[in-house]
file protein.cif (mmCIF, N, CA and C atoms)
data_target
#
loop_
_atom_site.label_atom_id
_atom_site.label_comp_id
_atom_site.auth_asym_id
_atom_site.auth_seq_id
_atom_site.Cartn_x
_atom_site.Cartn_y
_atom_site.Cartn_z
N MET E 1 -30.12 -18.26 3.02
CA MET E 1 -30.20 -18.71 1.66
C MET E 1 -30.12 -20.24 1.67
N ASN E 2 -31.04 -20.91 1.00
CA ASN E 2 -31.04 -22.36 1.00
C ASN E 2 -30.09 -22.93 -0.06
N ARG E 3 -29.96 -24.25 -0.08
CA ARG E 3 -28.99 -24.90 -0.97
C ARG E 3 -29.31 -24.63 -2.44
N ARG E 4 -30.58 -24.68 -2.80
CA ARG E 4 -30.97 -24.45 -4.19
C ARG E 4 -30.59 -23.05 -4.65
N GLN E 5 -30.80 -22.07 -3.77
CA GLN E 5 -30.45 -20.69 -4.12
C GLN E 5 -28.94 -20.53 -4.23
N CYS E 6 -28.19 -21.16 -3.34
CA CYS E 6 -26.72 -21.08 -3.41
C CYS E 6 -26.20 -21.67 -4.71
N ASN E 7 -26.86 -22.71 -5.19
CA ASN E 7 -26.41 -23.34 -6.44
C ASN E 7 -26.61 -22.45 -7.65
N LYS E 8 -27.44 -21.43 -7.55
CA LYS E 8 -27.71 -20.55 -8.68
C LYS E 8 -26.80 -19.33 -8.74
N ILE E 9 -25.94 -19.16 -7.77
CA ILE E 9 -25.10 -17.97 -7.72
C ILE E 9 -23.93 -18.09 -8.70
N VAL E 10 -23.77 -17.06 -9.52
CA VAL E 10 -22.62 -16.95 -10.42
C VAL E 10 -21.96 -15.61 -10.09
N PRO E 11 -20.83 -15.61 -9.37
CA PRO E 11 -20.21 -14.36 -8.92
C PRO E 11 -19.76 -13.46 -10.07
N ASN E 12 -20.05 -12.16 -9.91
CA ASN E 12 -19.59 -11.15 -10.86
C ASN E 12 -18.31 -10.48 -10.37
N ILE E 13 -18.24 -10.27 -9.07
CA ILE E 13 -17.10 -9.56 -8.48
C ILE E 13 -16.49 -10.40 -7.37
N TRP E 14 -15.17 -10.46 -7.38
CA TRP E 14 -14.42 -11.15 -6.34
C TRP E 14 -13.62 -10.10 -5.57
N ILE E 15 -13.58 -10.23 -4.25
CA ILE E 15 -12.84 -9.30 -3.41
C ILE E 15 -11.94 -10.11 -2.48
N ILE E 16 -10.67 -9.75 -2.45
CA ILE E 16 -9.75 -10.33 -1.47
C ILE E 16 -9.46 -9.22 -0.46
N ALA E 17 -9.84 -9.46 0.77
CA ALA E 17 -9.65 -8.47 1.82
C ALA E 17 -8.56 -8.94 2.77
N ALA E 18 -7.59 -8.06 3.00
CA ALA E 18 -6.51 -8.34 3.94
C ALA E 18 -6.68 -7.41 5.13
N LYS E 19 -6.90 -8.00 6.29
CA LYS E 19 -7.05 -7.19 7.50
C LYS E 19 -5.69 -7.11 8.18
N ARG E 20 -5.23 -5.89 8.35
CA ARG E 20 -3.95 -5.63 9.02
C ARG E 20 -4.24 -5.22 10.46
N SER E 21 -3.58 -5.87 11.39
CA SER E 21 -3.77 -5.49 12.79
C SER E 21 -2.46 -4.93 13.34
N ASP E 22 -2.53 -4.40 14.53
CA ASP E 22 -1.36 -3.78 15.15
C ASP E 22 -0.29 -4.81 15.49
N THR E 23 -0.68 -6.06 15.69
CA THR E 23 0.27 -7.08 16.11
C THR E 23 0.91 -7.83 14.94
N SER E 24 0.89 -7.24 13.78
CA SER E 24 1.48 -7.77 12.54
C SER E 24 0.87 -9.09 12.10
N ASP E 25 -0.26 -9.49 12.68
CA ASP E 25 -0.97 -10.67 12.21
C ASP E 25 -1.89 -10.25 11.07
N ASN E 26 -1.77 -10.94 9.96
CA ASN E 26 -2.64 -10.68 8.82
C ASN E 26 -3.79 -11.67 8.84
N TYR E 27 -4.88 -11.27 8.24
CA TYR E 27 -6.06 -12.13 8.15
C TYR E 27 -6.66 -11.90 6.78
N PHE E 28 -6.82 -12.97 5.99
CA PHE E 28 -7.31 -12.83 4.63
C PHE E 28 -8.69 -13.46 4.50
N ALA E 29 -9.52 -12.82 3.68
CA ALA E 29 -10.86 -13.33 3.40
C ALA E 29 -11.15 -13.13 1.92
N LEU E 30 -11.96 -14.03 1.37
CA LEU E 30 -12.36 -13.96 -0.02
C LEU E 30 -13.88 -13.78 -0.06
N TYR E 31 -14.32 -12.79 -0.82
CA TYR E 31 -15.75 -12.50 -0.95
C TYR E 31 -16.15 -12.59 -2.42
N ALA E 32 -17.34 -13.12 -2.66
CA ALA E 32 -17.90 -13.20 -4.01
C ALA E 32 -19.26 -12.52 -3.99
N ILE E 33 -19.52 -11.68 -4.98
CA ILE E 33 -20.79 -10.96 -5.07
C ILE E 33 -21.41 -11.22 -6.43
N ASP E 34 -22.68 -11.56 -6.42
CA ASP E 34 -23.46 -11.74 -7.64
C ASP E 34 -24.45 -10.58 -7.68
N TRP E 35 -24.15 -9.54 -8.46
CA TRP E 35 -24.98 -8.33 -8.53
C TRP E 35 -26.39 -8.64 -9.04
N ASN E 36 -26.49 -9.53 -10.01
CA ASN E 36 -27.78 -9.80 -10.64
C ASN E 36 -28.79 -10.39 -9.67
N ARG E 37 -28.34 -11.23 -8.75
CA ARG E 37 -29.24 -11.88 -7.82
C ARG E 37 -29.16 -11.31 -6.41
N GLY E 38 -28.25 -10.36 -6.18
CA GLY E 38 -28.10 -9.78 -4.85
C GLY E 38 -27.57 -10.79 -3.85
N ALA E 39 -26.72 -11.69 -4.32
CA ALA E 39 -26.21 -12.77 -3.47
C ALA E 39 -24.74 -12.53 -3.14
N ARG E 40 -24.35 -13.06 -1.98
CA ARG E 40 -22.98 -12.91 -1.52
C ARG E 40 -22.50 -14.21 -0.91
N LEU E 41 -21.24 -14.53 -1.10
CA LEU E 41 -20.60 -15.68 -0.47
C LEU E 41 -19.27 -15.22 0.09
N SER E 42 -18.81 -15.88 1.15
CA SER E 42 -17.51 -15.52 1.71
C SER E 42 -16.79 -16.76 2.22
N TRP E 43 -15.47 -16.70 2.16
CA TRP E 43 -14.60 -17.72 2.72
C TRP E 43 -13.55 -16.94 3.50
N GLU E 44 -13.34 -17.30 4.76
CA GLU E 44 -12.45 -16.53 5.64
C GLU E 44 -11.52 -17.44 6.42
N GLY E 45 -10.47 -16.83 6.97
CA GLY E 45 -9.67 -17.51 7.97
C GLY E 45 -8.24 -17.84 7.61
N TRP E 46 -7.66 -17.21 6.62
CA TRP E 46 -6.28 -17.51 6.26
C TRP E 46 -5.34 -16.50 6.89
N LYS E 47 -4.24 -17.01 7.43
CA LYS E 47 -3.21 -16.15 8.01
C LYS E 47 -2.14 -15.79 6.99
N ARG E 48 -1.98 -16.63 5.97
CA ARG E 48 -0.96 -16.38 4.95
C ARG E 48 -1.63 -16.30 3.59
N TYR E 49 -1.15 -15.38 2.76
CA TYR E 49 -1.69 -15.18 1.42
C TYR E 49 -1.46 -16.42 0.54
N GLU E 50 -0.35 -17.09 0.73
CA GLU E 50 -0.05 -18.28 -0.06
C GLU E 50 -1.08 -19.38 0.19
N ASP E 51 -1.52 -19.52 1.45
CA ASP E 51 -2.55 -20.52 1.77
C ASP E 51 -3.87 -20.19 1.11
N LEU E 52 -4.21 -18.91 1.07
CA LEU E 52 -5.44 -18.47 0.41
C LEU E 52 -5.39 -18.82 -1.08
N LEU E 53 -4.25 -18.59 -1.72
CA LEU E 53 -4.13 -18.84 -3.16
C LEU E 53 -4.27 -20.32 -3.51
N GLN E 54 -4.00 -21.21 -2.57
CA GLN E 54 -4.11 -22.65 -2.83
C GLN E 54 -5.51 -23.19 -2.58
N PHE E 55 -6.38 -22.42 -1.97
CA PHE E 55 -7.75 -22.86 -1.69
C PHE E 55 -8.52 -22.99 -3.00
N HIS E 56 -9.34 -24.02 -3.11
CA HIS E 56 -10.16 -24.24 -4.31
C HIS E 56 -11.61 -23.86 -4.01
N VAL E 57 -12.15 -22.94 -4.78
CA VAL E 57 -13.51 -22.41 -4.59
C VAL E 57 -14.47 -23.14 -5.52
N PRO E 58 -15.58 -23.67 -4.97
CA PRO E 58 -16.59 -24.26 -5.85
C PRO E 58 -17.45 -23.16 -6.45
N ILE E 59 -17.46 -23.04 -7.78
CA ILE E 59 -18.24 -21.99 -8.42
C ILE E 59 -19.03 -22.55 -9.58
N LYS E 60 -20.10 -21.85 -9.93
CA LYS E 60 -20.91 -22.19 -11.09
C LYS E 60 -20.42 -21.37 -12.27
N GLN E 61 -20.39 -22.00 -13.42
CA GLN E 61 -20.05 -21.27 -14.63
C GLN E 61 -21.29 -20.71 -15.29
N LYS E 62 -22.43 -21.41 -15.14
CA LYS E 62 -23.70 -20.99 -15.70
C LYS E 62 -24.77 -21.11 -14.63
N VAL E 63 -25.79 -20.28 -14.71
CA VAL E 63 -26.86 -20.32 -13.73
C VAL E 63 -27.62 -21.64 -13.81
N GLU E 64 -27.94 -22.10 -14.99
CA GLU E 64 -28.71 -23.33 -15.14
C GLU E 64 -27.83 -24.58 -15.14
N GLY E 65 -26.53 -24.39 -15.10
CA GLY E 65 -25.62 -25.53 -15.12
C GLY E 65 -25.73 -26.35 -13.85
N ARG E 66 -25.52 -27.65 -13.98
CA ARG E 66 -25.64 -28.54 -12.82
C ARG E 66 -24.30 -28.74 -12.12
N ALA E 67 -23.25 -28.73 -12.86
CA ALA E 67 -21.94 -29.06 -12.29
C ALA E 67 -21.25 -27.84 -11.69
N ASN E 68 -20.70 -28.05 -10.51
CA ASN E 68 -19.81 -27.06 -9.92
C ASN E 68 -18.40 -27.38 -10.38
N SER E 69 -17.62 -26.36 -10.58
CA SER E 69 -16.21 -26.59 -10.88
C SER E 69 -15.39 -25.97 -9.76
N LEU E 70 -14.30 -26.61 -9.45
CA LEU E 70 -13.40 -26.09 -8.43
C LEU E 70 -12.33 -25.27 -9.13
N GLN E 71 -12.14 -24.07 -8.64
CA GLN E 71 -11.15 -23.18 -9.23
C GLN E 71 -10.23 -22.67 -8.11
N PRO E 72 -8.92 -22.73 -8.30
CA PRO E 72 -8.03 -22.21 -7.27
C PRO E 72 -8.15 -20.69 -7.17
N VAL E 73 -7.97 -20.19 -5.99
CA VAL E 73 -8.05 -18.74 -5.77
C VAL E 73 -6.96 -18.03 -6.55
N ALA E 74 -5.85 -18.70 -6.82
CA ALA E 74 -4.78 -18.09 -7.60
C ALA E 74 -5.29 -17.64 -8.97
N LYS E 75 -6.19 -18.40 -9.55
CA LYS E 75 -6.77 -18.03 -10.84
C LYS E 75 -7.77 -16.88 -10.69
N ILE E 76 -8.51 -16.90 -9.59
CA ILE E 76 -9.50 -15.84 -9.32
C ILE E 76 -8.81 -14.53 -8.94
N ALA E 77 -7.66 -14.63 -8.29
CA ALA E 77 -6.95 -13.45 -7.79
C ALA E 77 -6.56 -12.48 -8.90
N LYS E 78 -6.42 -12.97 -10.11
CA LYS E 78 -6.06 -12.09 -11.23
C LYS E 78 -7.13 -11.05 -11.51
N LYS E 79 -8.39 -11.43 -11.30
CA LYS E 79 -9.49 -10.50 -11.59
C LYS E 79 -10.15 -9.95 -10.34
N ALA E 80 -9.65 -10.33 -9.16
CA ALA E 80 -10.25 -9.89 -7.91
C ALA E 80 -9.77 -8.50 -7.51
N LEU E 81 -10.63 -7.79 -6.80
CA LEU E 81 -10.24 -6.51 -6.20
C LEU E 81 -9.53 -6.81 -4.89
N TYR E 82 -8.42 -6.16 -4.65
CA TYR E 82 -7.62 -6.41 -3.45
C TYR E 82 -7.75 -5.22 -2.52
N LEU E 83 -8.22 -5.46 -1.31
CA LEU E 83 -8.38 -4.38 -0.32
C LEU E 83 -7.50 -4.65 0.89
N GLN E 84 -6.72 -3.64 1.30
CA GLN E 84 -5.96 -3.72 2.53
C GLN E 84 -6.67 -2.84 3.55
N LEU E 85 -7.18 -3.46 4.60
CA LEU E 85 -8.03 -2.76 5.55
C LEU E 85 -7.47 -2.88 6.96
N ASN E 86 -7.69 -1.83 7.74
CA ASN E 86 -7.38 -1.94 9.17
C ASN E 86 -8.58 -2.60 9.85
N GLU E 87 -8.52 -2.76 11.17
CA GLU E 87 -9.58 -3.48 11.87
C GLU E 87 -10.94 -2.79 11.77
N ALA E 88 -10.96 -1.48 11.86
CA ALA E 88 -12.23 -0.74 11.79
C ALA E 88 -12.84 -0.85 10.39
N GLN E 89 -12.01 -0.72 9.36
CA GLN E 89 -12.49 -0.83 7.99
C GLN E 89 -12.98 -2.25 7.69
N TYR E 90 -12.30 -3.25 8.26
CA TYR E 90 -12.72 -4.63 8.05
C TYR E 90 -14.08 -4.89 8.71
N GLU E 91 -14.30 -4.33 9.89
CA GLU E 91 -15.60 -4.45 10.56
C GLU E 91 -16.69 -3.79 9.72
N GLU E 92 -16.37 -2.65 9.11
CA GLU E 92 -17.32 -1.97 8.23
C GLU E 92 -17.66 -2.85 7.02
N LEU E 93 -16.66 -3.52 6.46
CA LEU E 93 -16.89 -4.44 5.35
C LEU E 93 -17.79 -5.60 5.78
N GLU E 94 -17.52 -6.17 6.95
CA GLU E 94 -18.35 -7.27 7.47
C GLU E 94 -19.80 -6.83 7.65
N GLN E 95 -20.00 -5.65 8.21
CA GLN E 95 -21.37 -5.16 8.40
C GLN E 95 -22.06 -4.94 7.07
N LEU E 96 -21.35 -4.38 6.13
CA LEU E 96 -21.91 -4.13 4.80
C LEU E 96 -22.25 -5.45 4.10
N PHE E 97 -21.40 -6.44 4.29
CA PHE E 97 -21.59 -7.73 3.63
C PHE E 97 -22.83 -8.46 4.14
N TYR E 98 -23.14 -8.31 5.42
CA TYR E 98 -24.26 -9.05 6.00
C TYR E 98 -25.53 -8.23 6.16
N GLN E 99 -25.54 -6.99 5.71
CA GLN E 99 -26.75 -6.17 5.72
C GLN E 99 -27.54 -6.41 4.44
N PRO E 100 -28.78 -5.94 4.38
CA PRO E 100 -29.52 -6.04 3.11
C PRO E 100 -28.72 -5.41 1.97
N PHE E 101 -28.84 -5.99 0.81
CA PHE E 101 -28.01 -5.64 -0.35
C PHE E 101 -28.32 -4.25 -0.87
N SER E 102 -27.27 -3.41 -1.00
CA SER E 102 -27.42 -2.07 -1.54
C SER E 102 -26.21 -1.78 -2.43
N ARG E 103 -26.47 -1.66 -3.73
CA ARG E 103 -25.38 -1.38 -4.67
C ARG E 103 -24.71 -0.04 -4.39
N LYS E 104 -25.50 0.94 -3.99
CA LYS E 104 -24.97 2.28 -3.74
C LYS E 104 -23.94 2.24 -2.61
N ARG E 105 -24.28 1.56 -1.50
CA ARG E 105 -23.35 1.47 -0.38
C ARG E 105 -22.09 0.71 -0.77
N TRP E 106 -22.25 -0.36 -1.58
CA TRP E 106 -21.08 -1.11 -2.02
C TRP E 106 -20.18 -0.25 -2.88
N ARG E 107 -20.75 0.52 -3.80
CA ARG E 107 -19.93 1.39 -4.66
C ARG E 107 -19.17 2.41 -3.83
N GLU E 108 -19.84 3.01 -2.86
CA GLU E 108 -19.18 4.00 -2.01
C GLU E 108 -18.04 3.38 -1.21
N PHE E 109 -18.29 2.19 -0.66
CA PHE E 109 -17.25 1.52 0.11
C PHE E 109 -16.05 1.16 -0.76
N MET E 110 -16.30 0.61 -1.94
CA MET E 110 -15.22 0.22 -2.83
C MET E 110 -14.42 1.42 -3.32
N LYS E 111 -15.11 2.50 -3.61
CA LYS E 111 -14.45 3.73 -4.07
C LYS E 111 -13.53 4.28 -2.98
N GLU E 112 -13.99 4.20 -1.74
CA GLU E 112 -13.25 4.75 -0.61
C GLU E 112 -12.02 3.90 -0.25
N HIS E 113 -12.11 2.57 -0.39
CA HIS E 113 -11.06 1.70 0.11
C HIS E 113 -10.25 0.96 -0.96
N LYS E 114 -10.48 1.25 -2.19
CA LYS E 114 -9.75 0.58 -3.26
C LYS E 114 -8.29 1.00 -3.26
N CYS E 115 -7.41 0.03 -3.49
CA CYS E 115 -5.96 0.33 -3.53
C CYS E 115 -5.58 0.95 -4.84
#

call {"tool": "encode", "arguments": {"input": "protein.cif", "output": "structure tokens"}}
result
Amino acid sequence: MNRRQCNKIVPNIWIIAAKRSDTSDNYFALYAIDWNRGARLSWEGWKRYEDLLQFHVPIKQKVEGRANSLQPVAKIAKKALYLQLNEAQYEELEQLFYQPFSRKRWREFMKEHKC
């Protein structure tokens, strides 16, 4: 996806995924999905939930709008879906996220893993 296309994304659904491993290390990722355009964005790599909440996400408020606004994840977390996944489930989410867009597969995955 090029820069111009990324600028047009207005996320409809936010997902916070927590990967739980056997060694008690947590791994958090934030996913944004724009159903209307079939677009997806992700931010990954936090070990602590508090660090994730302090991250500021650049998002568009309107499709034709020029300005990006920075919003803390703490504000987004109120409306985000929270998933606690083991390593196999997290790999399934990663594969689903980077495959061609299918609403049916997303609905099935969310229904199966929603807390």

call {"tool": "resolve_selection", "arguments": {"input": "protein.cif", "expression": "the PyMOL selection byres ((chain E and resi 42) around 8)", "output": "NGL selection string"}}
result
:E and (29-33 or 40-41 or 43-45)

call {"tool": "resolve_selection", "arguments": {"input": "protein.cif", "expression": "the PyMOL selection byres ((chain E and resi 54) around 8)", "output": "count of residues only"}}
result
13

call {"tool": "select_by_dssp", "arguments": {"input": "protein.cif", "residues": "segment 15-110 of chain E", "states": "strand (DSSP E or B)", "output": "NGL selection string"}}
result
:E and (15-20 or 26-34 or 39-46 or 56-60 or 68-72 or 81-85)

call {"tool": "residues_around", "arguments": {"input": "protein.cif", "residues": "segment 86-99 of chain E", "least_positions_apart": "4", "cutoff": "7 Å", "atoms": "all atoms listed in the file", "output": "PDB file with N, CA and C atoms, in the frame of the given file"}}
result
ATOM      1  N   ALA E  18      -7.590  -8.060   3.000  1.00  0.00           N
ATOM      2  CA  ALA E  18      -6.510  -8.340   3.940  1.00  0.00           C
ATOM      3  C   ALA E  18      -6.680  -7.410   5.130  1.00  0.00           C
ATOM      4  N   LYS E  19      -6.900  -8.000   6.290  1.00  0.00           N
ATOM      5  CA  LYS E  19      -7.050  -7.190   7.500  1.00  0.00           C
ATOM      6  C   LYS E  19      -5.690  -7.110   8.180  1.00  0.00           C
ATOM      7  N   ARG E  20      -5.230  -5.890   8.350  1.00  0.00           N
ATOM      8  CA  ARG E  20      -3.950  -5.630   9.020  1.00  0.00           C
ATOM      9  C   ARG E  20      -4.240  -5.220  10.460  1.00  0.00           C
ATOM     10  N   SER E  21      -3.580  -5.870  11.390  1.00  0.00           N
ATOM     11  CA  SER E  21      -3.770  -5.490  12.790  1.00  0.00           C
ATOM     12  C   SER E  21      -2.460  -4.930  13.340  1.00  0.00           C
TER      13      SER E  21
END

call {"tool": "select_by_dssp", "arguments": {"input": "protein.cif", "residues": "chain E", "states": "alpha helix (DSSP H)", "output": "number ranges by chain"}}
result
E: 3-7, 49-54, 73-76, 87-98, 103-113

call {"tool": "atom_distance", "arguments": {"input": "protein.cif", "atom1": "atom C of Asn12 of chain E", "atom2": "atom C of Leu70 of chain E"}}
result
16.0 Å

call {"tool": "residues_near_point", "arguments": {"input": "protein.cif", "point": "(-6.5, -1.0, 0.8)", "cutoff": "7 Å", "atoms": "only N, CA and C atoms", "output": "compact mmCIF listing (two decimals) with N, CA and C atoms, keeping the file's coordinate frame"}}
result
# COMPACT_ATOMS: atom_id res chain seq x y z
N TYR E 82 -8.42 -6.16 -4.65
CA TYR E 82 -7.62 -6.41 -3.45
C TYR E 82 -7.75 -5.22 -2.52
N LEU E 83 -8.22 -5.46 -1.31
CA LEU E 83 -8.38 -4.38 -0.32
C LEU E 83 -7.50 -4.65 0.89
N GLN E 84 -6.72 -3.64 1.30
CA GLN E 84 -5.96 -3.72 2.53
C GLN E 84 -6.67 -2.84 3.55
N LEU E 85 -7.18 -3.46 4.60
CA LEU E 85 -8.03 -2.76 5.55
C LEU E 85 -7.47 -2.88 6.96
N HIS E 113 -12.11 2.57 -0.39
CA HIS E 113 -11.06 1.70 0.11
C HIS E 113 -10.25 0.96 -0.96
N LYS E 114 -10.48 1.25 -2.19
CA LYS E 114 -9.75 0.58 -3.26
C LYS E 114 -8.29 1.00 -3.26
N CYS E 115 -7.41 0.03 -3.49
CA CYS E 115 -5.96 0.33 -3.53
C CYS E 115 -5.58 0.95 -4.84

call {"tool": "atom_distance", "arguments": {"input": "protein.cif", "atom1": "atom N of Ile16 of chain E", "atom2": "atom N of Ala80 of chain E"}}
result
6.8 Å

call {"tool": "closest_residue", "arguments": {"input": "protein.cif", "among": "E:Arg105, E:Met110, E:Asp34, E:Pro100", "to": "Ala17 of chain E", "atoms": "only C-alpha atoms"}}
result
E:Met110

call {"tool": "atom_distance", "arguments": {"input": "protein.cif", "atom1": "atom C of Tyr27 of chain E", "atom2": "atom N of Pro11 of chain E"}}
result
21.8 Å
